[in-house]
Amino acid sequence: MKELSRRGIGLDKKRADIISVENEDILWTKGILGSATPKQLLDTIFYLIGLNFAFRAGKEHRNLRHGQNSQLSLHTSESGDQYLQYTEDVSKTNQGGLKPQKHKKKVVRAFENLDIPERCIVRLYEKYIRLRPKTRACDAFYLQPAKLNSKEHWYNSIPVGVHTLQNLVKNMCLGGGMTGNFTNHSLRATAATRLYNAGVDEQLIAETTGHSSDAIRVYKRTSNAQLQDVSDIQNKRKKCKQENISKSEIQEPSSRELSIENEHFKFNLKF
């Protein structure tokens, strides 16, 4: 491996691509995301939960429950705003038992989107819950769309298959005409990157993603604009040193004068 690395082979690690705001808009515009059909609503709930709560690609989605012991719950803030709250119980860093007891559980809130209500996670969550079967035969959160659905019944009491869940984001992005390595993990990387680019404190980002170390930095992707800013800062600093300091701005050091004279000579010393 060391020899291959010296030859420049195997240095690139394949990572999930982030989903830009522009690409997300395409998914909404093309009807990949929305709430008009059972499949569309299911995909959208999966997307918004993965993005807002920075879910990992695997077990966190599969372990999500509905009912009395659900990790998701609706609340209203003191100011009257509704929000959906995710409270972690089991995850990669918290497998249960005695060892993880000191690990702080991840608690994240996603507030209602009043500016774009059709994309509001609170509104879409309420609709999804309302259209689930009224019986509690299955507590899995993600249920298969019913082939014969009605206005009040869109889903069957059958969990969505593991492989179907694993490929949801990939298939969404393909349907939107996007090229790249898009996976369910893209939502987690996208969440961290958007917060990072917006200047959110690293501790708040870590609380959203659930990281307990500087591993959060792996998920934050520096944007081209930020890289250009770094370059511009360096160039401007150099330019400032070389060109922007005018002679009028250069202050002459204060001087002192000493006069010495006798009958044969006279001279002044300045220092």
# chains A, B, ... in the order shown; residues from 1 in each chain; ligands from 1
call {"tool": "residues_around", "arguments": {"residues": "segment 125-139 of chain A", "least_positions_apart": "5", "cutoff": "8 Å", "atoms": "only C-alpha atoms", "output": "number ranges by chain"}}
result
A: 41-42, 45, 65-67, 151-159
call {"tool": "atom_distance", "arguments": {"atom1": "atom CA of Ala57 of chain A", "atom2": "atom CA of Pro117 of chain A"}}
result
26.7 Å
call {"tool": "select_by_dssp", "arguments": {"residues": "segment 93-168 of chain A", "states": "strand (DSSP E or B)", "output": "PDB file with all heavy atoms, in the first residue's frame"}}
result
ATOM      1  N   VAL A 107     -30.043  14.978  20.329  1.00  0.00           N
ATOM      2  CA  VAL A 107     -31.399  15.514  20.273  1.00  0.00           C
ATOM      3  C   VAL A 107     -31.382  16.689  19.293  1.00  0.00           C
ATOM      4  O   VAL A 107     -30.672  17.668  19.507  1.00  0.00           O
ATOM      5  CB  VAL A 107     -31.894  15.983  21.654  1.00  0.00           C
ATOM      6  CG1 VAL A 107     -33.298  16.564  21.539  1.00  0.00           C
ATOM      7  CG2 VAL A 107     -31.868  14.834  22.649  1.00  0.00           C
ATOM      8  N   VAL A 108     -32.156  16.574  18.223  1.00  0.00           N
ATOM      9  CA  VAL A 108     -32.159  17.593  17.175  1.00  0.00           C
ATOM     10  C   VAL A 108     -33.592  18.021  16.885  1.00  0.00           C
ATOM     11  O   VAL A 108     -34.506  17.190  16.864  1.00  0.00           O
ATOM     12  CB  VAL A 108     -31.497  17.075  15.878  1.00  0.00           C
ATOM     13  CG1 VAL A 108     -31.377  18.193  14.848  1.00  0.00           C
ATOM     14  CG2 VAL A 108     -30.128  16.479  16.172  1.00  0.00           C
ATOM     15  N   ARG A 109     -33.776  19.303  16.647  1.00  0.00           N
ATOM     16  CA  ARG A 109     -35.097  19.847  16.325  1.00  0.00           C
ATOM     17  C   ARG A 109     -35.127  20.365  14.898  1.00  0.00           C
ATOM     18  O   ARG A 109     -34.183  21.013  14.448  1.00  0.00           O
ATOM     19  CB  ARG A 109     -35.460  20.975  17.295  1.00  0.00           C
ATOM     20  CG  ARG A 109     -35.572  20.542  18.741  1.00  0.00           C
ATOM     21  CD  ARG A 109     -35.840  21.737  19.652  1.00  0.00           C
ATOM     22  NE  ARG A 109     -35.981  21.337  21.044  1.00  0.00           N
ATOM     23  CZ  ARG A 109     -36.220  22.185  22.033  1.00  0.00           C
ATOM     24  NH1 ARG A 109     -36.345  23.491  21.769  1.00  0.00           N
ATOM     25  NH2 ARG A 109     -36.332  21.742  23.277  1.00  0.00           N
ATOM     26  N   ALA A 110     -36.230  20.099  14.211  1.00  0.00           N
ATOM     27  CA  ALA A 110     -36.452  20.632  12.863  1.00  0.00           C
ATOM     28  C   ALA A 110     -37.746  21.443  12.916  1.00  0.00           C
ATOM     29  O   ALA A 110     -38.827  20.882  13.063  1.00  0.00           O
ATOM     30  CB  ALA A 110     -36.557  19.509  11.841  1.00  0.00           C
ATOM     31  N   PHE A 111     -37.603  22.760  12.796  1.00  0.00           N
ATOM     32  CA  PHE A 111     -38.758  23.642  12.926  1.00  0.00           C
ATOM     33  C   PHE A 111     -39.538  23.726  11.621  1.00  0.00           C
ATOM     34  O   PHE A 111     -39.006  23.481  10.535  1.00  0.00           O
ATOM     35  CB  PHE A 111     -38.313  25.028  13.369  1.00  0.00           C
ATOM     36  CG  PHE A 111     -37.996  25.121  14.833  1.00  0.00           C
ATOM     37  CD1 PHE A 111     -36.767  24.695  15.318  1.00  0.00           C
ATOM     38  CD2 PHE A 111     -38.932  25.614  15.723  1.00  0.00           C
ATOM     39  CE1 PHE A 111     -36.472  24.768  16.670  1.00  0.00           C
ATOM     40  CE2 PHE A 111     -38.650  25.697  17.088  1.00  0.00           C
ATOM     41  CZ  PHE A 111     -37.418  25.267  17.561  1.00  0.00           C
ATOM     42  N   ALA A 140     -42.692  -0.187  12.568  1.00  0.00           N
ATOM     43  CA  ALA A 140     -41.653   0.358  11.691  1.00  0.00           C
ATOM     44  C   ALA A 140     -42.137   1.696  11.131  1.00  0.00           C
ATOM     45  O   ALA A 140     -43.311   1.851  10.787  1.00  0.00           O
ATOM     46  CB  ALA A 140     -41.347  -0.609  10.561  1.00  0.00           C
ATOM     47  N   LEU A 143     -43.187   2.551   5.841  1.00  0.00           N
ATOM     48  CA  LEU A 143     -44.080   1.491   5.390  1.00  0.00           C
ATOM     49  C   LEU A 143     -44.218   1.514   3.871  1.00  0.00           C
ATOM     50  O   LEU A 143     -44.087   2.560   3.227  1.00  0.00           O
ATOM     51  CB  LEU A 143     -45.457   1.659   6.026  1.00  0.00           C
ATOM     52  CG  LEU A 143     -45.527   1.599   7.556  1.00  0.00           C
ATOM     53  CD1 LEU A 143     -46.964   1.761   8.010  1.00  0.00           C
ATOM     54  CD2 LEU A 143     -44.934   0.290   8.079  1.00  0.00           C
ATOM     55  N   GLN A 144     -44.507   0.336   3.323  1.00  0.00           N
ATOM     56  CA  GLN A 144     -44.663   0.217   1.873  1.00  0.00           C
ATOM     57  C   GLN A 144     -45.947   0.897   1.395  1.00  0.00           C
ATOM     58  O   GLN A 144     -47.001   0.756   2.030  1.00  0.00           O
ATOM     59  CB  GLN A 144     -44.692  -1.260   1.473  1.00  0.00           C
ATOM     60  CG  GLN A 144     -43.389  -2.001   1.690  1.00  0.00           C
ATOM     61  CD  GLN A 144     -43.464  -3.424   1.190  1.00  0.00           C
ATOM     62  OE1 GLN A 144     -44.412  -3.810   0.501  1.00  0.00           O
ATOM     63  NE2 GLN A 144     -42.465  -4.219   1.530  1.00  0.00           N
ATOM     64  N   PRO A 145     -45.870   1.643   0.285  1.00  0.00           N
ATOM     65  CA  PRO A 145     -47.090   2.247  -0.277  1.00  0.00           C
ATOM     66  C   PRO A 145     -48.086   1.173  -0.684  1.00  0.00           C
ATOM     67  O   PRO A 145     -47.718   0.114  -1.206  1.00  0.00           O
ATOM     68  CB  PRO A 145     -46.570   3.012  -1.504  1.00  0.00           C
ATOM     69  CG  PRO A 145     -45.118   3.242  -1.223  1.00  0.00           C
ATOM     70  CD  PRO A 145     -44.652   2.048  -0.445  1.00  0.00           C
ATOM     71  N   TYR A 155     -50.748   3.493   2.977  1.00  0.00           N
ATOM     72  CA  TYR A 155     -49.645   2.574   3.244  1.00  0.00           C
ATOM     73  C   TYR A 155     -50.148   1.287   3.893  1.00  0.00           C
ATOM     74  O   TYR A 155     -51.165   1.277   4.592  1.00  0.00           O
ATOM     75  CB  TYR A 155     -48.606   3.250   4.153  1.00  0.00           C
ATOM     76  CG  TYR A 155     -48.061   4.522   3.549  1.00  0.00           C
ATOM     77  CD1 TYR A 155     -48.621   5.768   3.882  1.00  0.00           C
ATOM     78  CD2 TYR A 155     -47.023   4.493   2.633  1.00  0.00           C
ATOM     79  CE1 TYR A 155     -48.147   6.928   3.312  1.00  0.00           C
ATOM     80  CE2 TYR A 155     -46.542   5.664   2.064  1.00  0.00           C
ATOM     81  CZ  TYR A 155     -47.109   6.869   2.397  1.00  0.00           C
ATOM     82  OH  TYR A 155     -46.650   8.029   1.829  1.00  0.00           O
ATOM     83  N   ASN A 156     -49.412   0.217   3.642  1.00  0.00           N
ATOM     84  CA  ASN A 156     -49.695  -1.072   4.256  1.00  0.00           C
ATOM     85  C   ASN A 156     -48.852  -1.249   5.515  1.00  0.00           C
ATOM     86  O   ASN A 156     -47.812  -0.599   5.671  1.00  0.00           O
ATOM     87  CB  ASN A 156     -49.391  -2.217   3.285  1.00  0.00           C
ATOM     88  CG  ASN A 156     -50.330  -2.215   2.096  1.00  0.00           C
ATOM     89  OD1 ASN A 156     -51.511  -1.880   2.212  1.00  0.00           O
ATOM     90  ND2 ASN A 156     -49.806  -2.584   0.928  1.00  0.00           N
ATOM     91  N   SER A 157     -49.259  -2.141   6.381  1.00  0.00           N
ATOM     92  CA  SER A 157     -48.509  -2.427   7.614  1.00  0.00           C
ATOM     93  C   SER A 157     -47.353  -3.377   7.322  1.00  0.00           C
ATOM     94  O   SER A 157     -47.193  -4.419   7.968  1.00  0.00           O
ATOM     95  CB  SER A 157     -49.447  -3.018   8.674  1.00  0.00           C
ATOM     96  OG  SER A 157     -50.426  -2.092   9.058  1.00  0.00           O
ATOM     97  N   ILE A 158     -46.560  -3.006   6.344  1.00  0.00           N
ATOM     98  CA  ILE A 158     -45.405  -3.818   5.931  1.00  0.00           C
ATOM     99  C   ILE A 158     -44.198  -2.890   5.832  1.00  0.00           C
ATOM    100  O   ILE A 158     -44.246  -1.879   5.115  1.00  0.00           O
ATOM    101  CB  ILE A 158     -45.642  -4.498   4.572  1.00  0.00           C
ATOM    102  CG1 ILE A 158     -46.919  -5.342   4.609  1.00  0.00           C
ATOM    103  CG2 ILE A 158     -44.438  -5.346   4.185  1.00  0.00           C
ATOM    104  CD1 ILE A 158     -47.306  -5.912   3.261  1.00  0.00           C
ATOM    105  N   PRO A 159     -43.104  -3.174   6.537  1.00  0.00           N
ATOM    106  CA  PRO A 159     -41.933  -2.294   6.486  1.00  0.00           C
ATOM    107  C   PRO A 159     -41.327  -2.251   5.080  1.00  0.00           C
ATOM    108  O   PRO A 159     -41.367  -3.233   4.335  1.00  0.00           O
ATOM    109  CB  PRO A 159     -40.951  -2.936   7.470  1.00  0.00           C
ATOM    110  CG  PRO A 159     -41.784  -3.849   8.315  1.00  0.00           C
ATOM    111  CD  PRO A 159     -42.914  -4.301   7.460  1.00  0.00           C
TER     112      PRO A 159
END
call {"tool": "residues_around", "arguments": {"residues": "Phe53 of chain A", "least_positions_apart": "2", "cutoff": "7 Å", "atoms": "only C-alpha atoms", "output": "ChimeraX atom specification"}}
result
/A:49-51,55,108,208-209
call {"tool": "atom_distance", "arguments": {"atom1": "atom CA of Thr183 of chain A", "atom2": "atom CA of Leu165 of chain A"}}
result
10.4 Å
call {"tool": "closest_residue", "arguments": {"among": "A:Tyr196, A:Tyr83, A:Phe141, A:Trp28", "to": "Gly175 of chain A", "atoms": "only C-alpha atoms"}}
result
A:Trp28
call {"tool": "closest_atom_pairs", "arguments": {"of": "segment 77-158 of chain A", "to": "segment 30-33 of chain A", "cutoff": "12 Å", "atoms": "only C-alpha atoms", "output": "CSV"}}
result
residue,atom,partner,partner_atom,distance
A:Glu118,CA,A:Leu33,CA,10.2
A:Arg119,CA,A:Leu33,CA,8.8
A:Cys120,CA,A:Leu33,CA,11.8
A:Ile121,CA,A:Leu33,CA,11.9
A:Leu124,CA,A:Leu33,CA,11.1
call {"tool": "closest_residue", "arguments": {"among": "A:Arg123, A:Met178, A:Leu72, A:Ala54", "to": "Ser35 of chain A", "atoms": "only C-alpha atoms"}}
result
A:Arg123
call {"tool": "atom_distance", "arguments": {"atom1": "atom CA of Ser73 of chain A", "atom2": "atom CA of Tyr86 of chain A"}}
result
6.8 Å
call {"tool": "select_by_dssp", "arguments": {"residues": "segment 105-222 of chain A", "states": "alpha helix (DSSP H)", "output": "PyMOL selection string"}}
result
chain A and resi 121-130+162-166+168-175+185-197+202-209
call {"tool": "closest_residue", "arguments": {"among": "A:His75, A:Lys147, A:His163, A:Lys170", "to": "Ser186 of chain A", "atoms": "only C-alpha atoms"}}
result
A:Lys170
call {"tool": "residues_around", "arguments": {"residues": "Leu174 of chain A", "least_positions_apart": "6", "cutoff": "12 Å", "atoms": "only C-alpha atoms", "output": "PyMOL selection string"}}
result
chain A and resi 23+26-27+30+32+167-168+180-183
call {"tool": "write_last_selection", "arguments": {"atoms": "N, CA, C and O atoms", "output": "compact mmCIF listing (two decimals), in the first residue's frame"}}
result
# COMPACT_ATOMS: atom_id res chain seq x y z
N ASN A 23 -29.50 21.37 -6.84
CA ASN A 23 -29.95 20.02 -7.18
C ASN A 23 -31.19 19.62 -6.38
O ASN A 23 -32.07 18.92 -6.88
N ILE A 26 -34.12 20.98 -8.05
CA ILE A 26 -34.47 20.17 -9.22
C ILE A 26 -35.34 18.99 -8.81
O ILE A 26 -36.32 18.65 -9.49
N LEU A 27 -35.01 18.36 -7.68
CA LEU A 27 -35.79 17.22 -7.20
C LEU A 27 -37.22 17.63 -6.88
O LEU A 27 -38.17 16.88 -7.16
N LYS A 30 -39.02 18.57 -10.40
CA LYS A 30 -39.34 17.41 -11.24
C LYS A 30 -40.33 16.47 -10.57
O LYS A 30 -40.71 15.45 -11.17
N ILE A 32 -39.78 14.61 -7.95
CA ILE A 32 -39.16 13.49 -7.23
C ILE A 32 -39.49 13.63 -5.74
O ILE A 32 -39.77 12.66 -5.05
N ASN A 167 -31.20 2.30 -1.23
CA ASN A 167 -31.05 2.92 -2.55
C ASN A 167 -31.98 4.10 -2.80
O ASN A 167 -32.07 4.58 -3.94
N LEU A 168 -32.66 4.58 -1.77
CA LEU A 168 -33.64 5.64 -1.98
C LEU A 168 -33.02 6.91 -2.53
O LEU A 168 -33.49 7.46 -3.54
N GLY A 180 -23.19 11.42 -10.25
CA GLY A 180 -22.26 11.46 -9.13
C GLY A 180 -22.49 10.30 -8.19
O GLY A 180 -23.36 9.45 -8.42
N ASN A 181 -21.72 10.27 -7.13
CA ASN A 181 -21.83 9.20 -6.14
C ASN A 181 -22.80 9.63 -5.04
O ASN A 181 -22.41 10.02 -3.94
N PHE A 182 -24.10 9.57 -5.35
CA PHE A 182 -25.12 9.97 -4.39
C PHE A 182 -25.68 8.74 -3.69
O PHE A 182 -26.16 7.81 -4.34
N THR A 183 -25.61 8.76 -2.36
CA THR A 183 -26.11 7.66 -1.54
C THR A 183 -26.89 8.26 -0.38
O THR A 183 -26.97 9.48 -0.23
